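Note: the block below is entry12.txt and it holds compact mmCIF, C-alpha atoms and all ligand atoms.
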```txt
# COMPACT_ATOMS: atom_id res chain seq x y z
CA MET A 63 -10.55 -101.63 4.18
CA LYS A 64 -14.09 -102.94 4.07
CA ILE A 65 -16.52 -101.16 1.79
CA HIS A 66 -20.16 -101.91 2.29
CA LEU A 67 -21.98 -103.50 -0.65
CA TYR A 68 -24.44 -100.61 -1.08
CA GLU A 69 -21.58 -98.14 -1.02
CA ARG A 70 -19.81 -100.09 -3.76
CA ILE A 71 -23.01 -100.09 -5.83
CA TRP A 72 -23.37 -96.32 -5.48
CA MET A 73 -19.70 -95.77 -6.35
CA GLY A 74 -20.15 -97.96 -9.42
CA LEU A 75 -23.24 -95.99 -10.46
CA GLY A 76 -21.29 -92.76 -10.02
CA VAL A 77 -18.54 -93.99 -12.34
CA VAL A 78 -21.13 -95.17 -14.90
CA LEU A 79 -22.83 -91.73 -14.86
CA ILE A 80 -19.51 -89.93 -15.35
CA VAL A 81 -18.66 -92.20 -18.30
CA VAL A 82 -22.15 -91.67 -19.83
CA PHE A 83 -21.96 -87.86 -19.46
CA LEU A 84 -18.44 -87.71 -20.89
CA GLY A 85 -19.60 -89.90 -23.77
CA ILE A 86 -22.53 -87.57 -24.48
CA MET A 87 -20.16 -84.57 -24.48
CA ILE A 88 -17.73 -86.27 -26.86
CA VAL A 89 -20.52 -87.31 -29.26
CA MET A 90 -22.19 -83.87 -29.21
CA ASN A 91 -18.89 -82.11 -29.89
CA THR A 92 -17.74 -84.41 -32.67
CA ALA A 93 -20.77 -85.89 -34.43
CA HIS A 94 -22.80 -82.68 -33.88
CA ALA A 95 -20.32 -79.86 -34.36
CA VAL A 96 -20.88 -76.81 -32.19
CA GLN A 97 -22.35 -74.18 -34.45
CA PRO A 98 -24.33 -70.95 -34.45
CA PRO A 99 -28.09 -71.55 -34.28
CA SER A 100 -28.94 -69.66 -37.45
CA HIS A 101 -27.29 -71.61 -40.23
CA ILE A 102 -23.88 -73.01 -41.07
CA GLU A 103 -21.98 -70.63 -43.30
CA THR A 104 -18.27 -70.35 -42.83
CA VAL A 105 -15.83 -67.56 -43.63
CA ASP A 106 -12.10 -67.50 -43.08
CA PRO A 107 -11.44 -64.72 -40.53
CA LYS A 108 -7.91 -64.28 -41.90
CA THR A 109 -9.18 -63.38 -45.37
CA ILE A 110 -12.52 -61.82 -44.42
CA TRP A 111 -11.47 -58.40 -45.74
CA ASP A 112 -10.97 -59.92 -49.21
CA ASP A 113 -14.15 -62.00 -49.07
CA PRO A 114 -16.72 -60.73 -51.61
CA ARG A 115 -19.54 -61.41 -49.12
CA PHE A 116 -18.00 -58.79 -46.83
CA ALA A 117 -16.78 -56.39 -49.51
CA ASP A 118 -19.65 -53.92 -49.09
CA LEU A 119 -19.99 -53.22 -45.39
CA GLY A 120 -23.01 -51.28 -44.26
CA VAL A 121 -26.67 -50.98 -45.15
CA THR A 122 -28.21 -51.85 -48.50
CA LEU A 123 -31.88 -51.06 -49.02
CA THR A 124 -33.90 -53.92 -50.51
CA PRO A 125 -37.51 -54.02 -51.77
CA GLU A 126 -38.57 -55.70 -48.49
CA GLY A 127 -36.46 -53.68 -46.06
CA ALA A 128 -32.72 -53.63 -45.72
CA LYS A 129 -29.63 -55.80 -45.50
CA VAL A 130 -26.74 -55.05 -43.17
CA VAL A 131 -23.26 -56.48 -43.63
CA LEU A 132 -20.99 -55.96 -40.63
CA VAL A 133 -17.65 -57.18 -39.31
CA ALA A 134 -16.68 -57.02 -35.66
CA GLN A 135 -13.09 -56.75 -34.53
CA MET A 136 -11.33 -55.64 -31.38
CA TYR A 137 -12.86 -53.19 -30.42
CA ALA A 138 -15.34 -51.91 -32.95
CA PHE A 139 -18.25 -52.81 -35.15
CA LEU A 140 -17.56 -51.91 -38.76
CA PRO A 141 -19.49 -49.87 -39.59
CA ALA A 142 -20.42 -48.57 -36.15
CA GLU A 143 -23.45 -46.58 -37.30
CA LEU A 144 -26.29 -48.13 -39.29
CA GLU A 145 -29.22 -46.25 -40.80
CA VAL A 146 -32.07 -48.64 -41.45
CA PRO A 147 -35.79 -48.29 -42.16
CA ALA A 148 -38.18 -48.73 -39.22
CA GLY A 149 -41.11 -51.11 -39.45
CA LYS A 150 -39.47 -53.26 -42.13
CA PRO A 151 -37.39 -56.42 -41.84
CA VAL A 152 -33.65 -55.79 -41.62
CA THR A 153 -31.40 -58.79 -42.23
CA PHE A 154 -28.02 -58.72 -40.53
CA ARG A 155 -25.10 -60.72 -41.92
CA MET A 156 -22.08 -60.53 -39.68
CA SER A 157 -18.87 -62.16 -38.59
CA SER A 158 -15.77 -61.48 -36.53
CA ALA A 159 -12.26 -60.86 -37.83
CA ASP A 160 -10.56 -61.90 -34.60
CA VAL A 161 -12.21 -63.19 -31.42
CA VAL A 162 -15.75 -63.94 -30.27
CA HIS A 163 -17.84 -60.78 -29.94
CA GLY A 164 -21.41 -60.18 -28.90
CA PHE A 165 -23.92 -58.19 -30.88
CA GLU A 166 -26.89 -56.95 -28.91
CA ILE A 167 -29.24 -54.21 -30.01
CA VAL A 168 -30.58 -52.83 -26.76
CA GLY A 169 -34.37 -52.67 -26.57
CA THR A 170 -34.91 -55.30 -29.27
CA ASN A 171 -34.67 -59.07 -29.32
CA ALA A 172 -31.58 -58.87 -31.57
CA ASN A 173 -28.86 -60.59 -29.57
CA ALA A 174 -26.31 -62.78 -31.29
CA THR A 175 -22.75 -63.98 -31.01
CA LEU A 176 -20.22 -63.21 -33.73
CA ILE A 177 -17.83 -66.13 -33.98
CA PRO A 178 -14.68 -65.96 -36.11
CA GLY A 179 -15.10 -68.48 -38.90
CA TYR A 180 -18.90 -68.32 -39.04
CA VAL A 181 -21.44 -65.98 -40.57
CA THR A 182 -24.20 -65.00 -38.15
CA GLU A 183 -27.47 -64.08 -39.83
CA PHE A 184 -30.81 -62.97 -38.41
CA THR A 185 -33.63 -60.66 -39.34
CA VAL A 186 -35.19 -58.11 -37.03
CA THR A 187 -37.79 -55.38 -37.49
CA PHE A 188 -37.37 -52.15 -35.56
CA PRO A 189 -40.88 -51.32 -34.35
CA ARG A 190 -40.24 -47.64 -33.72
CA ALA A 191 -38.15 -45.00 -35.40
CA GLY A 192 -35.27 -43.84 -33.24
CA GLU A 193 -31.79 -44.63 -32.07
CA TYR A 194 -30.83 -48.03 -30.74
CA LEU A 195 -27.59 -48.82 -28.96
CA ILE A 196 -25.50 -51.78 -30.12
CA VAL A 197 -23.27 -53.33 -27.48
CA CYS A 198 -20.75 -56.13 -27.45
CA ASN A 199 -21.92 -58.45 -24.68
CA GLU A 200 -19.11 -61.01 -24.87
CA PHE A 201 -15.91 -60.14 -23.06
CA CYS A 202 -13.43 -59.81 -25.92
CA GLY A 203 -10.42 -58.12 -24.36
CA ILE A 204 -9.18 -55.00 -22.66
CA GLY A 205 -11.27 -52.64 -24.81
CA HIS A 206 -14.50 -54.66 -24.56
CA HIS A 207 -16.35 -51.99 -22.54
CA GLY A 208 -15.76 -49.44 -25.31
CA MET A 209 -17.13 -51.61 -28.09
CA PHE A 210 -20.49 -50.26 -29.18
CA GLY A 211 -22.40 -48.94 -32.15
CA LYS A 212 -25.67 -47.34 -33.09
CA VAL A 213 -28.70 -48.17 -35.20
CA ILE A 214 -30.71 -45.25 -36.47
CA ALA A 215 -34.12 -46.51 -37.52
CA GLY A 216 -36.26 -44.12 -39.50
CA GLY A 217 -38.33 -43.55 -42.54
CA ALA A 218 -41.47 -45.31 -41.39
CA PRO A 219 -44.38 -44.27 -39.19
CA SER A 220 -43.61 -44.90 -35.54
CU1 LIG A 301 -16.22 -57.21 -28.54
CU2 LIG A 301 -16.64 -57.38 -26.19
```
What does the file become when written as structure tokens?
Amino acid sequence: MKIHLYERIWMGLGVVLIVVFLGIMIVMNTAHAVQPPSHIETVDPKTIWDDPRFADLGVTLTPEGAKVVLVAQMYAFLPAELEVPAGKPVTFRMSSADVVHGFEIVGTNANATLIPGYVTEFTVTFPRAGEYLIVCNEFCGIGHHGMFGKVIAGGAPS
């Protein structure tokens, strides 16, 4: 079979590109470990219930605003209802006890992924007092559609 020179050049370039792209993927996944964008803090999902960082689930009021500690597991957020102040920064510290879950507070820009093994942390301010729906937006199993919670923001002028 005769292959034209230009065709051979293009085939060679195709192989080179595949090798380069595979190389980039291997380097990015080994040298630069895949990680949550916030920070790198790990927690063993098997012992998360004994971890002192997750001993007090729920809302703690702070001088600046509030801190929320939450664990997601199939198919619930624990705790599922959070009362926080409105108009003040609320820092969420969360992880998953089993599989990857989503954590989206509808109507805000709070939207994060809870990955077993990692602590997800972000701070959000609820501009208005009221109720906000929390949904899991990562398919996590047969009960995924029933996985939701609620934020009740209050205590500040709306
Ligand atoms: Cu948890 Cu979907």
query = From the set A:Leu176, A:Val181, A:Ile167, A:Ala215, which residue has the shortest atom-to-atom contact distance to Gly149 in chain A, counting only C-alpha atoms?
reply =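 The answer is A:Ala215, which sits nearest to Gly149 in chain A.
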task = Please extract the residues at most 12 Å from ligand LIG 301 (chain A), counting only C-alpha atoms and all ligand atoms, and provide them as a ChimeraX atom specification, using the chain letters and residue numbers of this document.
result = /A:133-140,157-166,174-178,196-211
ask   = CA of Ala142 in chain A and CA of Gly120 in chain A, how far apart in Å?
value =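 A separation of 8.9 Å between them.
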request  = Record the distance separating CA of Phe188 in chain A and CA of Lys150 in chain A, expressed in Å with one decimal.
outcome  = 7.0 Å
With a distance cut-off of 7 Å and only C-alpha atoms, select the neighbouring residues of Pro147 in chain A, excluding the residue or stretch itself and same-chain residues fewer than 4 positions from it, and output the selection as a short mmCIF file (atom, residue, chain, number, x, y, z; two decimals) with C-alpha atoms, in the coordinates of the input.
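That gives us around.cif:
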```
data_model
loop_
_atom_site.label_atom_id
_atom_site.label_comp_id
_atom_site.auth_asym_id
_atom_site.auth_seq_id
_atom_site.Cartn_x
_atom_site.Cartn_y
_atom_site.Cartn_z
CA GLY A 127 -36.46 -53.68 -46.06
CA ALA A 215 -34.12 -46.51 -37.52
CA GLY A 216 -36.26 -44.12 -39.50
CA GLY A 217 -38.33 -43.55 -42.54
CA ALA A 218 -41.47 -45.31 -41.39
#
```
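Note that CA of Lys212 in chain A and CA of Val152 in chain A are 14.4 Å apart.
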request  = Mind checking which residues fall within 9 Å of Asp106 in chain A, counting only C-alpha atoms, ignoring those fewer than 2 positions away in the same chain, and posting them as a PyMOL selection string?
outcome  = chain A and resi 104+108-110+113+159+178-180
query = Which residue out of A:Val213, A:Ile71, A:Met90, A:Ala117 has the minimum interatomic distance to Val168 in chain A when only C-alpha atoms are used?
reply = A:Val213
message = Residues near Ile214 in chain A, anyone? I mean within 10 Å using all atoms listed in the file, not counting same-chain ones fewer than 5 positions away, as a list in words.
response =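 Answer for this query is Glu143, Leu144, Glu145, Val146, Pro147, Ala148, Phe188, Ala191, Gly192, Glu193, Tyr194 and Leu195 of chain A.
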Fewer than 5 positions away in the same chain doesn't count, so skip those; otherwise give me all residues within 10 Å of Lys129 in chain A, counting all atoms listed in the file, as a compact mmCIF listing (two decimals) with C-alpha atoms, in the coordinates of the input.
```txt
# COMPACT_ATOMS: atom_id res chain seq x y z
CA LEU A 119 -19.99 -53.22 -45.39
CA GLY A 120 -23.01 -51.28 -44.26
CA VAL A 121 -26.67 -50.98 -45.15
CA THR A 122 -28.21 -51.85 -48.50
CA LEU A 123 -31.88 -51.06 -49.02
CA THR A 124 -33.90 -53.92 -50.51
CA VAL A 146 -32.07 -48.64 -41.45
CA PRO A 151 -37.39 -56.42 -41.84
CA VAL A 152 -33.65 -55.79 -41.62
CA THR A 153 -31.40 -58.79 -42.23
CA PHE A 154 -28.02 -58.72 -40.53
CA ARG A 155 -25.10 -60.72 -41.92
CA THR A 185 -33.63 -60.66 -39.34
```
key: Counting only C-alpha atoms, the option among A:Phe184, A:Met156, A:Ile88, A:Asn173 closest to Pro107 in chain A   =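 The answer is A:Met156, which sits nearest to Pro107 in chain A.
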